[in-house]
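Listing of query.csv; format and content: CSV, C-alpha atoms and all ligand atoms.
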```
chain,number,residue,atom,x,y,z
Z,297,MET,CA,-26.7,35.8,23.7
Z,298,GLU,CA,-25.4,36.0,20.1
Z,299,GLU,CA,-28.9,37.2,19.1
Z,300,GLU,CA,-28.6,40.2,21.5
Z,301,HIS,CA,-25.6,41.6,19.6
Z,302,THR,CA,-26.8,40.9,16.1
Z,303,ILE,CA,-27.6,44.1,14.2
Z,304,VAL,CA,-28.1,42.7,10.7
Z,305,ARG,CA,-29.6,39.4,9.8
Z,306,PHE,CA,-30.1,37.9,6.3
Z,307,GLU,CA,-32.4,34.9,6.4
Z,308,ASP,CA,-32.3,32.9,3.2
Z,309,VAL,CA,-32.3,36.0,1.0
Z,310,TRP,CA,-32.8,35.7,-2.8
Z,311,TYR,CA,-33.2,38.7,-5.0
Z,312,HIS,CA,-33.6,39.4,-8.7
Z,313,TYR,CA,-34.0,42.8,-10.5
Z,314,PRO,CA,-37.2,43.6,-12.4
Z,315,ARG,CA,-37.3,42.3,-16.0
Z,316,THR,CA,-34.5,39.7,-15.3
Z,317,LYS,CA,-34.8,36.1,-14.3
Z,318,ALA,CA,-31.3,35.7,-13.0
Z,319,TRP,CA,-30.9,35.9,-9.2
Z,320,SER,CA,-28.4,38.6,-8.3
Z,321,LEU,CA,-28.4,37.3,-4.7
Z,322,LYS,CA,-28.9,33.6,-3.8
Z,323,GLU,CA,-29.4,31.9,-0.5
Z,324,ILE,CA,-27.8,34.5,1.7
Z,325,THR,CA,-28.0,33.7,5.4
Z,326,LEU,CA,-25.7,35.5,7.7
Z,327,SER,CA,-25.5,37.7,10.8
Z,328,ILE,CA,-23.5,40.8,11.5
Z,329,LYS,CA,-22.7,41.9,15.1
Z,330,LYS,CA,-23.1,45.4,16.4
Z,331,GLY,CA,-19.8,47.3,16.1
Z,332,GLU,CA,-18.2,45.0,13.4
Z,333,PHE,CA,-16.4,46.3,10.3
Z,334,ILE,CA,-17.4,44.1,7.5
Z,335,ALA,CA,-15.8,44.3,4.1
Z,336,VAL,CA,-17.8,43.0,1.1
Z,337,ILE,CA,-15.6,41.8,-1.8
Z,338,GLY,CA,-16.1,39.9,-5.0
Z,339,GLU,CA,-15.5,40.2,-8.7
Z,340,ASN,CA,-17.5,42.7,-10.9
Z,341,GLY,CA,-21.1,41.6,-10.9
Z,342,ALA,CA,-20.7,39.4,-7.8
Z,343,GLY,CA,-23.6,41.1,-6.0
Z,344,LYS,CA,-21.9,43.6,-3.7
Z,345,THR,CA,-24.0,46.7,-4.6
Z,346,THR,CA,-27.2,44.6,-4.6
Z,347,PHE,CA,-26.2,43.3,-1.1
Z,348,CYS,CA,-25.7,46.9,0.1
Z,349,LYS,CA,-29.0,48.0,-1.3
Z,350,CYS,CA,-30.8,45.4,0.7
Z,351,LEU,CA,-29.5,46.9,4.0
Z,352,ASN,CA,-31.5,50.1,3.9
Z,353,GLY,CA,-34.5,49.1,2.0
Z,354,ILE,CA,-33.6,50.5,-1.5
Z,355,ILE,CA,-34.3,46.8,-2.3
Z,356,PRO,CA,-37.3,46.1,-2.3
Z,357,HIS,CA,-38.8,49.6,-2.0
Z,358,THR,CA,-37.0,51.5,-4.8
Z,359,GLU,CA,-35.6,48.6,-6.9
Z,360,ARG,CA,-38.8,46.7,-7.1
Z,361,GLY,CA,-37.5,43.2,-8.1
Z,362,LEU,CA,-38.4,40.0,-6.3
Z,363,LEU,CA,-37.0,39.7,-2.8
Z,364,LYS,CA,-37.4,36.3,-1.1
Z,365,GLY,CA,-36.4,35.7,2.6
Z,366,ARG,CA,-35.9,38.4,5.1
Z,367,VAL,CA,-33.4,41.1,5.8
Z,368,ILE,CA,-33.6,42.5,9.4
Z,369,THR,CA,-31.5,45.6,10.2
Z,370,SER,CA,-31.6,47.2,13.6
Z,371,GLY,CA,-34.6,45.0,14.4
Z,372,LEU,CA,-36.6,46.2,11.4
Z,373,ASP,CA,-37.8,44.0,8.6
Z,374,THR,CA,-36.7,45.9,5.5
Z,375,LYS,CA,-39.8,44.6,3.6
Z,376,THR,CA,-42.3,46.1,5.9
Z,377,ALA,CA,-40.4,49.1,7.5
Z,378,TYR,CA,-40.7,52.5,5.8
Z,379,THR,CA,-37.5,53.6,4.1
Z,380,SER,CA,-37.7,56.9,6.1
Z,381,GLU,CA,-37.7,54.7,9.3
Z,382,LEU,CA,-34.8,52.6,8.0
Z,383,ALA,CA,-32.8,55.8,7.1
Z,384,LEU,CA,-32.7,56.6,10.8
Z,385,HIS,CA,-30.8,53.4,11.5
Z,386,VAL,CA,-28.8,52.8,8.3
Z,387,GLY,CA,-26.9,55.5,6.4
Z,388,ILE,CA,-25.6,54.7,2.9
Z,389,VAL,CA,-22.6,56.3,1.1
Z,390,LEU,CA,-22.3,55.6,-2.6
Z,391,GLU,CA,-19.4,55.3,-5.0
Z,392,ASP,CA,-19.5,58.7,-6.5
Z,393,PRO,CA,-19.6,61.6,-4.0
Z,394,ASP,CA,-20.7,64.0,-6.7
Z,395,THR,CA,-24.1,62.2,-7.0
Z,396,GLN,CA,-24.7,62.8,-3.3
Z,397,LEU,CA,-23.6,66.4,-2.8
Z,398,PHE,CA,-26.0,69.1,-4.1
Z,399,THR,CA,-26.1,72.1,-1.8
Z,400,THR,CA,-23.9,75.2,-1.8
Z,401,THR,CA,-21.9,74.8,1.4
Z,402,VAL,CA,-20.5,71.9,3.3
Z,403,LEU,CA,-22.5,72.8,6.4
Z,404,ASN,CA,-25.8,72.9,4.4
Z,405,GLU,CA,-25.0,69.6,2.9
Z,406,VAL,CA,-24.4,67.9,6.3
Z,407,ALA,CA,-27.5,69.6,7.8
Z,408,PHE,CA,-29.8,68.5,5.0
Z,409,GLY,CA,-30.8,65.1,6.4
Z,410,PRO,CA,-31.8,66.3,9.9
Z,411,GLU,CA,-33.5,69.4,8.4
Z,412,ASN,CA,-35.8,67.1,6.5
Z,413,LEU,CA,-36.6,65.4,9.8
Z,414,ARG,CA,-37.7,68.9,11.1
Z,415,GLN,CA,-35.3,68.8,14.0
Z,416,ASP,CA,-34.6,71.9,16.1
Z,417,PRO,CA,-32.3,74.3,14.1
Z,418,LYS,CA,-29.8,74.7,16.9
Z,419,GLU,CA,-29.6,71.0,17.4
Z,420,ILE,CA,-29.2,70.5,13.7
Z,421,ARG,CA,-26.2,72.9,13.6
Z,422,GLU,CA,-24.6,71.2,16.6
Z,423,THR,CA,-25.0,67.7,15.1
Z,424,ALA,CA,-23.7,68.9,11.7
Z,425,ARG,CA,-20.6,70.5,13.3
Z,426,TRP,CA,-20.1,67.3,15.3
Z,427,ALA,CA,-20.3,65.2,12.2
Z,428,LEU,CA,-17.8,67.4,10.4
Z,429,GLY,CA,-15.5,67.2,13.3
Z,430,VAL,CA,-15.7,63.4,13.3
Z,431,VAL,CA,-14.6,63.3,9.6
Z,432,GLY,CA,-11.8,65.9,10.2
Z,433,LEU,CA,-13.5,68.7,8.3
Z,434,GLU,CA,-14.0,71.3,11.0
Z,435,GLY,CA,-13.4,74.8,9.4
Z,436,PHE,CA,-14.8,73.6,6.1
Z,437,GLU,CA,-18.4,74.7,6.9
Z,438,ASP,CA,-18.7,77.5,4.5
Z,439,ARG,CA,-16.8,76.0,1.6
Z,440,PRO,CA,-18.7,74.8,-1.6
Z,441,PRO,CA,-18.5,71.0,-1.8
Z,442,THR,CA,-17.5,71.4,-5.5
Z,443,ALA,CA,-14.2,73.0,-4.4
Z,444,LEU,CA,-13.1,69.9,-2.3
Z,445,SER,CA,-10.8,67.0,-3.2
Z,446,GLY,CA,-12.3,63.6,-3.9
Z,447,GLY,CA,-11.4,62.3,-0.5
Z,448,GLN,CA,-12.8,65.4,1.2
Z,449,LYS,CA,-16.0,65.2,-0.8
Z,450,GLN,CA,-16.5,61.6,0.3
Z,451,ARG,CA,-15.9,62.6,3.9
Z,452,VAL,CA,-18.6,65.2,3.5
Z,453,ALA,CA,-20.9,62.5,2.2
Z,454,ILE,CA,-20.0,60.4,5.2
Z,455,ALA,CA,-20.7,63.4,7.6
Z,456,SER,CA,-24.1,63.9,5.9
Z,457,VAL,CA,-25.0,60.3,6.7
Z,458,LEU,CA,-23.5,60.6,10.3
Z,459,SER,CA,-25.7,63.7,11.0
Z,460,MET,CA,-28.7,61.3,11.0
Z,461,ARG,CA,-26.9,59.4,13.8
Z,462,PRO,CA,-27.4,55.9,12.3
Z,463,GLU,CA,-26.1,52.8,14.0
Z,464,ILE,CA,-25.1,51.2,10.7
Z,465,ILE,CA,-23.1,52.8,7.9
Z,466,VAL,CA,-23.1,51.1,4.5
Z,467,LEU,CA,-20.5,52.3,2.0
Z,468,ASP,CA,-20.6,50.9,-1.5
Z,469,GLU,CA,-17.2,51.2,-3.1
Z,470,PRO,CA,-16.6,54.7,-1.6
Z,471,THR,CA,-13.0,54.9,-2.6
Z,472,SER,CA,-13.1,53.5,-6.2
Z,473,GLN,CA,-12.8,57.0,-7.6
Z,474,LEU,CA,-10.2,58.2,-5.1
Z,475,ASP,CA,-6.4,58.4,-5.3
Z,476,PRO,CA,-4.4,56.6,-2.6
Z,477,LEU,CA,-4.4,59.6,-0.3
Z,478,GLY,CA,-8.2,60.0,-0.5
Z,479,THR,CA,-8.6,56.2,-0.1
Z,480,GLU,CA,-6.5,56.3,3.1
Z,481,GLU,CA,-8.5,59.3,4.5
Z,482,VAL,CA,-11.8,57.5,4.0
Z,483,PHE,CA,-10.6,54.2,5.5
Z,484,GLU,CA,-9.2,56.0,8.5
Z,485,VAL,CA,-12.4,58.0,9.1
Z,486,VAL,CA,-14.6,54.9,8.7
Z,487,SER,CA,-12.4,52.8,11.0
Z,488,GLN,CA,-12.7,55.5,13.7
Z,489,LEU,CA,-16.5,55.4,13.4
Z,490,ARG,CA,-16.2,51.9,14.5
Z,491,SER,CA,-13.5,52.2,17.1
Z,492,ARG,CA,-14.6,55.5,18.7
Z,493,TYR,CA,-18.4,55.5,18.2
Z,494,GLY,CA,-19.1,51.7,18.1
Z,495,MET,CA,-20.9,52.0,14.7
Z,496,THR,CA,-21.3,49.0,12.5
Z,497,ILE,CA,-19.6,49.4,9.2
Z,498,ILE,CA,-20.4,47.5,6.0
Z,499,MET,CA,-18.2,48.5,3.1
Z,500,SER,CA,-17.9,47.0,-0.3
Z,501,SER,CA,-14.5,47.6,-1.9
Z,502,HIS,CA,-11.9,46.4,-4.3
Z,503,LYS,CA,-9.1,48.0,-2.3
Z,504,MET,CA,-7.7,44.8,-0.8
Z,505,GLU,CA,-4.6,46.3,0.9
Z,506,GLU,CA,-6.9,48.6,3.0
Z,507,ILE,CA,-9.5,46.0,3.6
Z,508,VAL,CA,-7.1,43.5,5.1
Z,509,ARG,CA,-5.9,46.2,7.5
Z,510,PHE,CA,-9.2,47.5,8.7
Z,511,ALA,CA,-12.0,44.8,8.4
Z,512,ASP,CA,-13.0,42.5,11.2
Z,513,ARG,CA,-14.6,40.0,8.8
Z,514,ILE,CA,-14.7,39.7,5.0
Z,515,LEU,CA,-17.8,38.7,3.1
Z,516,VAL,CA,-16.8,37.2,-0.2
Z,517,LEU,CA,-19.6,37.1,-2.7
Z,518,HIS,CA,-19.4,35.0,-5.9
Z,519,HIS,CA,-22.2,34.9,-8.5
Z,520,GLY,CA,-24.6,36.3,-5.8
Z,521,GLU,CA,-23.7,33.6,-3.2
Z,522,VAL,CA,-21.6,33.7,0.0
Z,523,ALA,CA,-18.3,32.1,-1.0
Z,524,ALA,CA,-16.8,32.9,2.5
Z,525,PHE,CA,-17.5,35.0,5.5
Z,526,ASP,CA,-14.7,35.0,8.0
Z,527,THR,CA,-11.7,36.9,9.4
Z,528,PRO,CA,-9.1,38.3,7.0
Z,529,GLU,CA,-6.6,35.7,8.3
Z,530,GLN,CA,-9.0,32.8,7.5
Z,531,VAL,CA,-10.3,34.2,4.2
Z,532,PHE,CA,-6.8,35.0,2.7
Z,533,ARG,CA,-5.5,31.6,3.8
Z,534,ASN,CA,-7.9,30.0,1.4
Z,535,GLU,CA,-5.9,30.1,-1.9
Z,536,GLU,CA,-8.4,27.9,-3.7
Z,537,LEU,CA,-11.2,30.3,-3.0
Z,538,PHE,CA,-9.2,33.2,-4.4
Z,539,SER,CA,-8.3,31.5,-7.6
Z,540,GLU,CA,-12.1,30.8,-8.0
Z,541,VAL,CA,-13.5,34.2,-7.2
Z,542,GLN,CA,-10.8,36.2,-9.1
Z,543,VAL,CA,-10.0,38.7,-6.4
Z,544,ALA,CA,-6.4,39.8,-5.9
Z,545,ILE,CA,-4.7,38.9,-2.7
Z,546,PRO,CA,-2.8,41.8,-1.2
Z,547,SER,CA,0.9,41.5,-1.7
Z,548,THR,CA,1.6,41.8,2.0
Z,549,VAL,CA,-0.7,38.9,2.7
Z,550,GLU,CA,0.9,36.9,-0.2
Z,551,LEU,CA,4.3,37.4,1.4
Z,552,ALA,CA,3.1,36.4,4.8
Z,553,GLY,CA,1.6,33.2,3.2
Z,554,TYR,CA,4.9,32.5,1.4
Z,555,LEU,CA,6.9,32.8,4.6
Z,556,GLN,CA,4.4,30.6,6.5
Z,557,LYS,CA,4.7,27.9,3.9
Z,558,ARG,CA,8.5,27.9,4.5
Z,559,ASN,CA,7.9,27.5,8.2
Z,560,VAL,CA,8.8,31.0,9.1
Z,561,PRO,CA,6.4,31.6,12.1
Z,562,VAL,CA,4.9,35.0,11.0
Z,563,SER,CA,1.3,35.7,11.5
Z,564,LEU,CA,-0.7,37.4,8.8
Z,565,PHE,CA,0.4,40.9,8.3
Z,566,SER,CA,-1.6,43.5,6.5
Z,567,SER,CA,0.8,46.4,6.0
Z,568,VAL,CA,4.4,46.9,5.2
Z,569,GLU,CA,5.0,48.3,8.7
Z,570,GLU,CA,3.4,45.2,10.3
Z,571,GLY,CA,5.3,43.0,8.0
Z,572,GLU,CA,8.6,44.6,9.0
Z,573,SER,CA,8.0,44.2,12.7
Z,574,GLU,CA,6.8,40.6,12.2
Z,575,ILE,CA,9.9,39.7,10.2
Z,576,ARG,CA,12.1,41.4,12.8
Z,577,ARG,CA,10.4,39.5,15.6
Z,578,CYS,CA,11.1,36.2,13.7
Z,579,LEU,CA,14.7,37.1,13.1
Z,580,ARG,CA,15.1,37.9,16.8
Z,581,GLY,CA,13.5,34.6,17.7
Z,582,ALA,CA,15.8,32.7,15.3
Z,583,GLY,CA,18.8,34.6,16.7
Z,584,GLU,CA,17.9,33.6,20.3
Z,585,ARG,CA,17.5,29.9,19.3
Z,586,SER,CA,20.9,29.7,17.5
C,1,LIG,N1,-30.7,47.4,-12.2
C,1,LIG,C1,-30.3,46.2,-12.6
C,1,LIG,N2,-31.2,45.5,-13.4
C,1,LIG,C2,-30.8,44.2,-13.8
C,1,LIG,N3,-29.7,43.6,-13.4
C,1,LIG,C3,-28.9,44.2,-12.5
C,1,LIG,C4,-29.2,45.6,-12.1
C,1,LIG,N4,-28.2,45.9,-11.3
C,1,LIG,C5,-27.3,44.9,-11.2
C,1,LIG,N5,-27.8,43.9,-11.9
C,1,LIG,C6,-27.1,42.5,-12.1
C,1,LIG,O1,-27.0,42.0,-10.8
C,1,LIG,C7,-25.7,41.3,-10.6
C,1,LIG,C8,-25.0,41.8,-9.4
C,1,LIG,O2,-24.7,43.2,-9.7
C,1,LIG,P1,-24.0,44.2,-8.6
C,1,LIG,O3,-24.0,45.5,-9.2
C,1,LIG,O4,-24.7,44.0,-7.3
C,1,LIG,O5,-22.6,43.6,-8.6
C,1,LIG,P2,-21.2,44.2,-7.9
C,1,LIG,O6,-20.5,43.1,-7.2
C,1,LIG,O7,-21.6,45.4,-7.1
C,1,LIG,O8,-20.4,44.6,-9.2
C,1,LIG,P3,-19.3,45.9,-9.4
C,1,LIG,O9,-18.1,45.5,-8.7
C,1,LIG,O10,-19.1,45.8,-10.9
C,1,LIG,O11,-20.0,47.1,-8.9
C,1,LIG,C9,-25.0,41.5,-11.9
C,1,LIG,O12,-25.2,40.3,-12.7
C,1,LIG,C10,-25.7,42.7,-12.6
C,1,LIG,O13,-25.6,42.6,-14.0
```

Would you kindly transcribe this structure into structure tokens?
Ligand SMILES: Nc1ncnc2c1ncn2[C@@H]1O[C@H](COP(=O)(O)OP(=O)(O)OP(=O)(O)O)[C@@H](O)[C@H]1O
Amino acid sequence: MEEEHTIVRFEDVWYHYPRTKAWSLKEITLSIKKGEFIAVIGENGAGKTTFCKCLNGIIPHTERGLLKGRVITSGLDTKTAYTSELALHVGIVLEDPDTQLFTTTVLNEVAFGPENLRQDPKEIRETARWALGVVGLEGFEDRPPTALSGGQKQRVAIASVLSMRPEIIVLDEPTSQLDPLGTEEVFEVVSQLRSRYGMTIIMSSHKMEEIVRFADRILVLHHGEVAAFDTPEQVFRNEELFSEVQVAIPSTVELAGYLQKRNVPVSLFSSVEEGESEIRRCLRGAGERS
């Protein structure tokens, strides 16, 4: 049954880049279910980008190091499938939107992928407009991508990937160059792809406050190995893990943990608003008991 819903499977995956001997990924075995929002976290050099590159075949087809084990995405073995075939199932959005945008208008940008697949022009335009609508950029069709804000550019990059209608979207630190508003825009859009369109999202990020709000499960990488792979509640409960992997715990989560230790029956809250209503609920409970 579990097998039926699995969309990504790593089977004892090890990888090292060419001309190095150190493994950047070690012993990775895990499954991701269709429709999950997975956040990938870890300190600098933990292996997040390398993990992302394994999902659409950049590793081993473009980065030709040594890949041991198997990565299966949408039923395709990334070692044997063509990258063009993988691109139909897995779309990837990178850290810097400027490296991904290269045409003169937003519409051309989003239509570029399907045009390369030689789809019917009318269908391409419809899909491109749909994708722009999904990321909240209808009306931006004729604008040059260079004139957009960082958050808007990253949404165009997401729409370009969406226009290929993939089942899995991989985002490698897509908000690291964005201000808080741009970060919020990207997380909101990505979260809707999951909730409204059932897409599987795999996103590496250092933005803990957002991750804890949006992710279903968090994959913690440490020196290329899986240090934890669980719900935010379980992962952030493990203080020992966080002192080892040197990743900051969001302040809202820290506060929830602090209250829990003092026997205040709050559940993990991931935003200030959630925290406020949790604390109000506890205060009401305490009032009713006294
Ligand atoms: N092209 C490369 N050639 C050789 N080694 C590499 C290459 N790219 C990454 N590495 C090494 O692989 C390991 C994992 O790097 P990776 O970029 O996947 O980490 P990361 O978690 O994404 O880090 P960051 O948060 O800094 O982006 C690091 O030790 C890094 O030095």

Residues within 10 Å of ligand LIG 1 (chain C) (all atoms listed in the file), as JSON, numbers by chain? {"Z": [311, 312, 313, 314, 315, 316, 317, 318, 319, 320, 321, 336, 337, 338, 339, 340, 341, 342, 343, 344, 345, 346, 347, 348, 349, 359, 360, 361, 391, 468, 469, 472, 500, 501, 502, 516, 517, 518, 519, 520]}

Selection: 10 Å around segment 363-372 of chain Z, only C-alpha atoms, excl. self and same-chain fewer than 6 positions, as a PyMOL selection string: chain Z and resi 302-313+319+321-328+330+350-353+355-356+378+381-382+384-386+462-464

Include C-alpha atoms and write out the residues we just selected as a PDB file, in the coordinates of the input.
```
ATOM      1  CA  THR Z 302     -26.800  40.900  16.100  1.00  0.00           C
ATOM      2  CA  ILE Z 303     -27.600  44.100  14.200  1.00  0.00           C
ATOM      3  CA  VAL Z 304     -28.100  42.700  10.700  1.00  0.00           C
ATOM      4  CA  ARG Z 305     -29.600  39.400   9.800  1.00  0.00           C
ATOM      5  CA  PHE Z 306     -30.100  37.900   6.300  1.00  0.00           C
ATOM      6  CA  GLU Z 307     -32.400  34.900   6.400  1.00  0.00           C
ATOM      7  CA  ASP Z 308     -32.300  32.900   3.200  1.00  0.00           C
ATOM      8  CA  VAL Z 309     -32.300  36.000   1.000  1.00  0.00           C
ATOM      9  CA  TRP Z 310     -32.800  35.700  -2.800  1.00  0.00           C
ATOM     10  CA  TYR Z 311     -33.200  38.700  -5.000  1.00  0.00           C
ATOM     11  CA  HIS Z 312     -33.600  39.400  -8.700  1.00  0.00           C
ATOM     12  CA  TYR Z 313     -34.000  42.800 -10.500  1.00  0.00           C
ATOM     13  CA  TRP Z 319     -30.900  35.900  -9.200  1.00  0.00           C
ATOM     14  CA  LEU Z 321     -28.400  37.300  -4.700  1.00  0.00           C
ATOM     15  CA  LYS Z 322     -28.900  33.600  -3.800  1.00  0.00           C
ATOM     16  CA  GLU Z 323     -29.400  31.900  -0.500  1.00  0.00           C
ATOM     17  CA  ILE Z 324     -27.800  34.500   1.700  1.00  0.00           C
ATOM     18  CA  THR Z 325     -28.000  33.700   5.400  1.00  0.00           C
ATOM     19  CA  LEU Z 326     -25.700  35.500   7.700  1.00  0.00           C
ATOM     20  CA  SER Z 327     -25.500  37.700  10.800  1.00  0.00           C
ATOM     21  CA  ILE Z 328     -23.500  40.800  11.500  1.00  0.00           C
ATOM     22  CA  LYS Z 330     -23.100  45.400  16.400  1.00  0.00           C
ATOM     23  CA  CYS Z 350     -30.800  45.400   0.700  1.00  0.00           C
ATOM     24  CA  LEU Z 351     -29.500  46.900   4.000  1.00  0.00           C
ATOM     25  CA  ASN Z 352     -31.500  50.100   3.900  1.00  0.00           C
ATOM     26  CA  GLY Z 353     -34.500  49.100   2.000  1.00  0.00           C
ATOM     27  CA  ILE Z 355     -34.300  46.800  -2.300  1.00  0.00           C
ATOM     28  CA  PRO Z 356     -37.300  46.100  -2.300  1.00  0.00           C
ATOM     29  CA  TYR Z 378     -40.700  52.500   5.800  1.00  0.00           C
ATOM     30  CA  GLU Z 381     -37.700  54.700   9.300  1.00  0.00           C
ATOM     31  CA  LEU Z 382     -34.800  52.600   8.000  1.00  0.00           C
ATOM     32  CA  LEU Z 384     -32.700  56.600  10.800  1.00  0.00           C
ATOM     33  CA  HIS Z 385     -30.800  53.400  11.500  1.00  0.00           C
ATOM     34  CA  VAL Z 386     -28.800  52.800   8.300  1.00  0.00           C
ATOM     35  CA  PRO Z 462     -27.400  55.900  12.300  1.00  0.00           C
ATOM     36  CA  GLU Z 463     -26.100  52.800  14.000  1.00  0.00           C
ATOM     37  CA  ILE Z 464     -25.100  51.200  10.700  1.00  0.00           C
TER      38      ILE Z 464
END
```

Excluding Arg490 of chain Z and its own-chain neighbours fewer than 5 positions away, which residues fall within 12 Å of it when counting all atoms listed in the file? Please give them as number ranges by chain. Z: 329-334, 430, 463-465, 483-485, 495-498, 510-512

Nearby residues (only C-alpha atoms) at most 9 Å from Gly446 of chain Z, same-chain spacing under 6 positions excluded, as a ChimeraX atom specification: /Z:393-394,471,473-475,478

What does the distance from atom CA of Thr358 of chain Z to atom CA of Ala407 of chain Z come to in Å, to one decimal? 24.0 Å

Would you list the residues near (-14.7, 69.3, -1.5), meaning any protein, DNA or RNA residue with an atom at most 12 Å from that point in file coordinates, counting all atoms listed in the file, as JSON, numbers by chain? {"Z": [393, 394, 397, 398, 399, 400, 401, 402, 403, 405, 433, 436, 437, 438, 439, 440, 441, 442, 443, 444, 445, 446, 447, 448, 449, 450, 451, 452, 453, 478]}

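Residues lying within 7 Å of Ile388 of chain Z, counting only C-alpha atoms and ignoring same-chain neighbours fewer than 3 positions away, are Z:Val457, Z:Ile465, Z:Val466, Z:Leu467.
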
Grab the atom CA of Leu428 of chain Z to atom CA of Ala455 of chain Z distance for me, in Å with one decimal place. 5.7 Å

From Z:Ala523, Z:Leu579, Z:Leu413, Z:Val482, residue lying nearest Phe538 of chain Z [all atoms listed in the file]: Z:Ala523

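Among Z:Asp526, Z:Arg461, Z:Thr395, Z:Val560, the residue with the shortest atom-to-atom distance to Ala424 of chain Z, counting all atoms listed in the file, is Z:Arg461.
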
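Relative to atom CA of Glu481 of chain Z, atom CA of Gly432 of chain Z is found at 9.3 Å.
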